[in-house]
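Student: Quick one: this structure, given as structure tokens, is what I'll be asking you about.
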Amino acid sequence: MENQRTARTLADGLRLVVRALVYAVVGGAALLAIATVVSVLGPMLALDLYTPPVAAWWTVFTAIAVQGVPFLLLGTVVSAAIGAFVPERVFSRLLPRNQALAVPIAGAAGVVLPGCECASVPVAGSLMRRGVAPSAALAFLLSAPAVNPVVLVATSVAFPGQPRMVLARLIASLATAVVMGWLWARFGRDEWLRPPERHAHPAATGLRAFTAGLQHDFLHAGGFLVLGAAAAATFNIAVPRSVLDLFTGSPWLSVLLLAFLAVVLCVCSEADAFVAASLSGFSPTARLAFMVVGPMVDLKLIALQAGTFGRSFALRFSSVTWMAAVTSSALVGWWLL
């Protein structure tokens with residue numbers, strides 16, 4: 001009897017996983033199809049209206065949105081799965097109660113998740129709902145899009161024959177994530193952080209809780225992704241390239257400029273290394289700052305954080321993270337590059 005009950009439980013669990021995967025694949029395919037059609041028709045409509053700047057704006061906007069949708073879906077699937085299928089006691093066992101130790105462990109855990117910043121916000125919110133200390137969840141939020149294997153491999157491809165650049169990105173990004181986690185553990189206040197709401201009905205369990213969480217997180221975070229993409233597209237067409245050329249002569253100004261550009265350009269962490277490699281007029285340290293800041297602080301990420309954790313948190317956390325990322329990039333760049 002016990003063996004039969006165990007077999008039925010495993011079979012039920014397998015069916016839940018298969019149904020969840022089918023749900024995610026179908027939903028993601030539909031979203032990508034809609035986004036692709038819009039990205040094609042939008043520039044055509046803008047050109048028909050004889051407004052080339054609008055066509056350029058729409059192209060940048062849809063590129064950022066289409067690029068972010070798959071990883072946002074990945075993050076919401078992971079977030080919903082954590083909330084529906086993973087007991088709270090699992091996290092209490094995996095992470096030490098001492099936040100000083102939990103933060104670096106959570107930061108290092110970001111190495112195993114191949115996702116971008118769009119995915120990290122809902123996952124971090126789900127971790128907090130499951131009882132993980134905010135300092136550890138925030139360290140994971142910053143490290144996951146910056147030090148995962150996909151990003152490091154992409155960096156090595158974008159900078160062939162420059163293993164020091166890959167190592168510098170890993171060290172600077174991980175150091176920033178851990179430092180920010182420790183800073184929150186020491187100075188963070190509960191009133192600054194709006195706890196993520198439990199979106200599922202208290203009685204919902206299993207697949208029902210998973211689908212409710214997936215729908216809530218994706219629709220909620222997707223709206224803020226759109227707002228961030230619109231802001232980045234506006235900057236791309238509003239600032240002339242001649243203005244950027246004025247900063248390439250100074251190594252320190254170039255670091256600050258690329259750190260600022262990383263915020264407004266909103267390039268996905270899986271692709272930002274190729275953008276940084278194309279900025280050959282800037283110093284290696286400046287390009288490192290672009291790759292370290294971008295996955296941690298950009299307009300769409302700030303918007304996602306504001307929608308998930310509150311505007312007060314997003315403004316404070318993003319500004320301090322930007323300064324920590326720039327400082328870490330400058331120190332590591334001076335050391336290795």
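Ligands are numbered from 1 in the order shown, chains are lettered A, B, ... in the order of the structure tokens, and residues start at 1 in each chain.
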As a PyMOL selection string, please: the residues near Trp184 of chain A (cut-off 12 Å, only C-alpha atoms, same-chain neighbours under 6 positions excluded).
Tutor: chain A and resi 99-100+103+133-139+177-178+190+192-193+313+316-317+320-321
Student: For the residues selected in the previous step, produce a file with N, CA and C atoms as a PDB file, in the first residue's frame.
Tutor:
ATOM      1  N   GLN A  99      22.594  36.373   8.737  1.00  0.00           N
ATOM      2  CA  GLN A  99      22.511  37.056   7.447  1.00  0.00           C
ATOM      3  C   GLN A  99      23.885  37.335   6.851  1.00  0.00           C
ATOM      4  N   ALA A 100      24.885  37.538   7.696  1.00  0.00           N
ATOM      5  CA  ALA A 100      26.230  37.786   7.179  1.00  0.00           C
ATOM      6  C   ALA A 100      26.745  36.607   6.368  1.00  0.00           C
ATOM      7  N   VAL A 103      24.043  35.977   2.952  1.00  0.00           N
ATOM      8  CA  VAL A 103      24.168  36.885   1.807  1.00  0.00           C
ATOM      9  C   VAL A 103      25.161  36.366   0.768  1.00  0.00           C
ATOM     10  N   ALA A 133      15.417  35.902   4.089  1.00  0.00           N
ATOM     11  CA  ALA A 133      15.729  37.250   4.553  1.00  0.00           C
ATOM     12  C   ALA A 133      15.892  38.182   3.352  1.00  0.00           C
ATOM     13  N   PRO A 134      15.342  39.414   3.413  1.00  0.00           N
ATOM     14  CA  PRO A 134      15.467  40.338   2.285  1.00  0.00           C
ATOM     15  C   PRO A 134      16.905  40.570   1.841  1.00  0.00           C
ATOM     16  N   SER A 135      17.842  40.624   2.785  1.00  0.00           N
ATOM     17  CA  SER A 135      19.240  40.866   2.401  1.00  0.00           C
ATOM     18  C   SER A 135      19.759  39.762   1.491  1.00  0.00           C
ATOM     19  N   ALA A 136      19.430  38.498   1.793  1.00  0.00           N
ATOM     20  CA  ALA A 136      19.869  37.385   0.953  1.00  0.00           C
ATOM     21  C   ALA A 136      19.135  37.384  -0.377  1.00  0.00           C
ATOM     22  N   ALA A 137      17.827  37.647  -0.363  1.00  0.00           N
ATOM     23  CA  ALA A 137      17.061  37.686  -1.608  1.00  0.00           C
ATOM     24  C   ALA A 137      17.546  38.801  -2.524  1.00  0.00           C
ATOM     25  N   LEU A 138      17.921  39.946  -1.961  1.00  0.00           N
ATOM     26  CA  LEU A 138      18.407  41.057  -2.771  1.00  0.00           C
ATOM     27  C   LEU A 138      19.792  40.767  -3.339  1.00  0.00           C
ATOM     28  N   ALA A 139      20.627  40.077  -2.580  1.00  0.00           N
ATOM     29  CA  ALA A 139      21.928  39.669  -3.116  1.00  0.00           C
ATOM     30  C   ALA A 139      21.742  38.736  -4.305  1.00  0.00           C
ATOM     31  N   ALA A 177      26.976  42.597  -5.483  1.00  0.00           N
ATOM     32  CA  ALA A 177      25.785  41.934  -4.956  1.00  0.00           C
ATOM     33  C   ALA A 177      25.932  41.626  -3.470  1.00  0.00           C
ATOM     34  N   VAL A 178      27.090  41.113  -3.080  1.00  0.00           N
ATOM     35  CA  VAL A 178      27.308  40.751  -1.681  1.00  0.00           C
ATOM     36  C   VAL A 178      27.358  42.001  -0.797  1.00  0.00           C
ATOM     37  N   ASP A 190      12.529  48.067   7.546  1.00  0.00           N
ATOM     38  CA  ASP A 190      11.346  47.352   7.072  1.00  0.00           C
ATOM     39  C   ASP A 190      10.383  48.279   6.338  1.00  0.00           C
ATOM     40  N   TRP A 192      11.008  50.653   4.388  1.00  0.00           N
ATOM     41  CA  TRP A 192      11.451  50.980   3.034  1.00  0.00           C
ATOM     42  C   TRP A 192      11.040  49.916   2.018  1.00  0.00           C
ATOM     43  N   LEU A 193      10.806  48.725   2.486  1.00  0.00           N
ATOM     44  CA  LEU A 193      10.540  47.598   1.587  1.00  0.00           C
ATOM     45  C   LEU A 193       9.094  47.142   1.740  1.00  0.00           C
ATOM     46  N   PHE A 313      11.570  51.919  -1.995  1.00  0.00           N
ATOM     47  CA  PHE A 313      12.676  50.969  -2.011  1.00  0.00           C
ATOM     48  C   PHE A 313      13.482  51.096  -3.292  1.00  0.00           C
ATOM     49  N   ARG A 316      15.896  54.170  -3.403  1.00  0.00           N
ATOM     50  CA  ARG A 316      17.037  54.048  -2.490  1.00  0.00           C
ATOM     51  C   ARG A 316      17.984  52.945  -2.937  1.00  0.00           C
ATOM     52  N   PHE A 317      17.429  51.773  -3.197  1.00  0.00           N
ATOM     53  CA  PHE A 317      18.269  50.612  -3.493  1.00  0.00           C
ATOM     54  C   PHE A 317      19.013  50.792  -4.813  1.00  0.00           C
ATOM     55  N   VAL A 320      22.014  53.442  -4.497  1.00  0.00           N
ATOM     56  CA  VAL A 320      23.181  52.913  -3.774  1.00  0.00           C
ATOM     57  C   VAL A 320      23.835  51.789  -4.578  1.00  0.00           C
ATOM     58  N   THR A 321      23.036  50.958  -5.226  1.00  0.00           N
ATOM     59  CA  THR A 321      23.602  49.890  -6.044  1.00  0.00           C
ATOM     60  C   THR A 321      24.437  50.455  -7.175  1.00  0.00           C
TER      61      THR A 321
END
Student: Compile the contact shell of segment 261-268 of chain A as a list of chain:residue names: residues with an atom at most 6 Å away, counting only C-alpha atoms, same-chain residues fewer than 2 positions apart removed.
Tutor: A:Ala232, A:Leu258, A:Ala259, A:Glu270, A:Ala271, A:Asp272, A:Phe290, A:Gly294, A:Val297, A:Asp298, A:Leu299
Student: Deliver the residues from the most recent selection as a file, using all heavy atoms, as a PDB file, in the first residue's frame.
Tutor:
ATOM      1  N   ALA A 232      13.823  53.924 -22.193  1.00  0.00           N
ATOM      2  CA  ALA A 232      15.108  53.678 -22.850  1.00  0.00           C
ATOM      3  C   ALA A 232      15.052  54.075 -24.315  1.00  0.00           C
ATOM      4  O   ALA A 232      16.016  54.648 -24.852  1.00  0.00           O
ATOM      5  CB  ALA A 232      15.477  52.202 -22.714  1.00  0.00           C
ATOM      6  N   LEU A 258      29.523  55.581 -19.305  1.00  0.00           N
ATOM      7  CA  LEU A 258      29.030  54.247 -19.660  1.00  0.00           C
ATOM      8  C   LEU A 258      28.204  53.651 -18.524  1.00  0.00           C
ATOM      9  O   LEU A 258      27.265  52.884 -18.775  1.00  0.00           O
ATOM     10  CB  LEU A 258      30.197  53.334 -20.018  1.00  0.00           C
ATOM     11  CG  LEU A 258      30.897  53.633 -21.345  1.00  0.00           C
ATOM     12  CD1 LEU A 258      31.792  52.466 -21.758  1.00  0.00           C
ATOM     13  CD2 LEU A 258      29.906  53.926 -22.455  1.00  0.00           C
ATOM     14  N   ALA A 259      28.533  53.994 -17.275  1.00  0.00           N
ATOM     15  CA  ALA A 259      27.701  53.538 -16.166  1.00  0.00           C
ATOM     16  C   ALA A 259      26.317  54.164 -16.236  1.00  0.00           C
ATOM     17  O   ALA A 259      25.305  53.526 -15.914  1.00  0.00           O
ATOM     18  CB  ALA A 259      28.363  53.881 -14.828  1.00  0.00           C
ATOM     19  N   GLU A 270      22.448  39.184 -21.192  1.00  0.00           N
ATOM     20  CA  GLU A 270      22.995  38.197 -22.117  1.00  0.00           C
ATOM     21  C   GLU A 270      23.572  38.833 -23.378  1.00  0.00           C
ATOM     22  O   GLU A 270      24.285  38.181 -24.136  1.00  0.00           O
ATOM     23  CB  GLU A 270      21.925  37.180 -22.511  1.00  0.00           C
ATOM     24  CG  GLU A 270      21.789  36.008 -21.565  1.00  0.00           C
ATOM     25  CD  GLU A 270      21.049  36.388 -20.303  1.00  0.00           C
ATOM     26  OE1 GLU A 270      20.442  37.480 -20.268  1.00  0.00           O
ATOM     27  OE2 GLU A 270      21.068  35.598 -19.335  1.00  0.00           O
ATOM     28  N   ALA A 271      23.252  40.115 -23.628  1.00  0.00           N
ATOM     29  CA  ALA A 271      23.707  40.776 -24.858  1.00  0.00           C
ATOM     30  C   ALA A 271      24.590  41.985 -24.594  1.00  0.00           C
ATOM     31  O   ALA A 271      25.205  42.499 -25.536  1.00  0.00           O
ATOM     32  CB  ALA A 271      22.495  41.202 -25.688  1.00  0.00           C
ATOM     33  N   ASP A 272      24.684  42.450 -23.356  1.00  0.00           N
ATOM     34  CA  ASP A 272      25.386  43.706 -23.118  1.00  0.00           C
ATOM     35  C   ASP A 272      26.882  43.615 -23.373  1.00  0.00           C
ATOM     36  O   ASP A 272      27.530  44.623 -23.666  1.00  0.00           O
ATOM     37  CB  ASP A 272      25.110  44.220 -21.706  1.00  0.00           C
ATOM     38  CG  ASP A 272      25.602  43.279 -20.616  1.00  0.00           C
ATOM     39  OD1 ASP A 272      26.133  42.203 -20.942  1.00  0.00           O
ATOM     40  OD2 ASP A 272      25.428  43.603 -19.418  1.00  0.00           O
ATOM     41  N   PHE A 290      30.058  49.361 -17.669  1.00  0.00           N
ATOM     42  CA  PHE A 290      28.821  49.201 -18.440  1.00  0.00           C
ATOM     43  C   PHE A 290      28.226  47.816 -18.212  1.00  0.00           C
ATOM     44  O   PHE A 290      27.008  47.678 -18.027  1.00  0.00           O
ATOM     45  CB  PHE A 290      29.130  49.400 -19.929  1.00  0.00           C
ATOM     46  CG  PHE A 290      27.936  49.273 -20.828  1.00  0.00           C
ATOM     47  CD1 PHE A 290      27.110  50.355 -21.076  1.00  0.00           C
ATOM     48  CD2 PHE A 290      27.648  48.070 -21.459  1.00  0.00           C
ATOM     49  CE1 PHE A 290      26.006  50.246 -21.906  1.00  0.00           C
ATOM     50  CE2 PHE A 290      26.548  47.935 -22.285  1.00  0.00           C
ATOM     51  CZ  PHE A 290      25.724  49.041 -22.508  1.00  0.00           C
ATOM     52  N   GLY A 294      24.736  47.555 -15.775  1.00  0.00           N
ATOM     53  CA  GLY A 294      23.539  47.258 -16.550  1.00  0.00           C
ATOM     54  C   GLY A 294      22.634  46.184 -15.976  1.00  0.00           C
ATOM     55  O   GLY A 294      21.425  46.396 -15.833  1.00  0.00           O
ATOM     56  N   VAL A 297      21.231  47.811 -12.433  1.00  0.00           N
ATOM     57  CA  VAL A 297      20.494  49.075 -12.377  1.00  0.00           C
ATOM     58  C   VAL A 297      20.216  49.540 -13.805  1.00  0.00           C
ATOM     59  O   VAL A 297      21.134  49.975 -14.504  1.00  0.00           O
ATOM     60  CB  VAL A 297      21.283  50.177 -11.637  1.00  0.00           C
ATOM     61  CG1 VAL A 297      20.405  51.420 -11.460  1.00  0.00           C
ATOM     62  CG2 VAL A 297      21.801  49.696 -10.304  1.00  0.00           C
ATOM     63  N   ASP A 298      18.986  49.430 -14.254  1.00  0.00           N
ATOM     64  CA  ASP A 298      18.560  50.085 -15.481  1.00  0.00           C
ATOM     65  C   ASP A 298      17.101  50.503 -15.333  1.00  0.00           C
ATOM     66  O   ASP A 298      16.458  50.181 -14.334  1.00  0.00           O
ATOM     67  CB  ASP A 298      18.801  49.215 -16.724  1.00  0.00           C
ATOM     68  CG  ASP A 298      17.979  47.940 -16.733  1.00  0.00           C
ATOM     69  OD1 ASP A 298      16.929  47.883 -16.063  1.00  0.00           O
ATOM     70  OD2 ASP A 298      18.378  46.973 -17.419  1.00  0.00           O
ATOM     71  N   LEU A 299      16.596  51.221 -16.307  1.00  0.00           N
ATOM     72  CA  LEU A 299      15.264  51.809 -16.162  1.00  0.00           C
ATOM     73  C   LEU A 299      14.179  50.757 -16.003  1.00  0.00           C
ATOM     74  O   LEU A 299      13.287  50.898 -15.162  1.00  0.00           O
ATOM     75  CB  LEU A 299      14.971  52.710 -17.368  1.00  0.00           C
ATOM     76  CG  LEU A 299      15.796  53.998 -17.454  1.00  0.00           C
ATOM     77  CD1 LEU A 299      15.428  54.770 -18.716  1.00  0.00           C
ATOM     78  CD2 LEU A 299      15.592  54.864 -16.228  1.00  0.00           C
TER      79      LEU A 299
END
Student: Atom CA of Leu101 of chain A to atom CA of Ser318 of chain A: how many Å, to one decimal?
Tutor: 23.0 Å
Student: Pick from A:Val77, A:Leu167, A:Val255, A:Met180: nearest to Pro284 of chain A, with only C-alpha atoms counted?
Tutor: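 Of A:Val77, A:Leu167, A:Val255, A:Met180, the one nearest Pro284 of chain A, counting only C-alpha atoms, is A:Val255.
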Student: Please return, as a ChimeraX atom specification, all residues of segment 91-147 of chain A that DSSP assigns to helix (DSSP H, G or I) on the basis of the backbone.
Tutor: /A:91-94,99-112,117-129,134-147
Student: Of the residues A:Leu74, A:Ile237, A:Met323, A:Ala306, which is the one nearest to Phe260 of chain A, using only C-alpha atoms?
Tutor: A:Met323
Student: So the first atom is atom CA of Ala63 of chain A and the second is atom CA of Ala109 of chain A; what is the distance between them in Å, to one decimal place?
Tutor: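 For atom CA of Ala63 of chain A relative to atom CA of Ala109 of chain A, the distance reads 29.2 Å.
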Student: As an exercise, work out the distance from atom CA of Ala212 of chain A to atom CA of Phe140 of chain A in Å and give it to one decimal place.
Tutor: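 Rounded to one decimal, the two atoms are 24.0 Å apart.
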Student: Counting only C-alpha atoms, what is within 8 Å of Ala229 of chain A, bar same-chain residues fewer than 5 positions away, as a list of chain:residue names?
Tutor: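 Here the answer would be A:Phe61, A:Thr62, A:Ile64, A:Ala65, A:Cys266, A:Leu299, A:Lys300.
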Student: Please list as a VMD selection string every residue within 8 Å of Val292 of chain A, counting only C-alpha atoms and excluding residues in the same chain fewer than 6 positions away.
Tutor: chain A and resid 146 169 172 to 173 325 to 326 329
Student: Closest to Val166 of chain A among A:Ser143, A:Asn148, A:Thr234, A:Thr308, using only C-alpha atoms?
Tutor: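 Of the candidates, the smallest distance to Val166 of chain A is held by A:Asn148.
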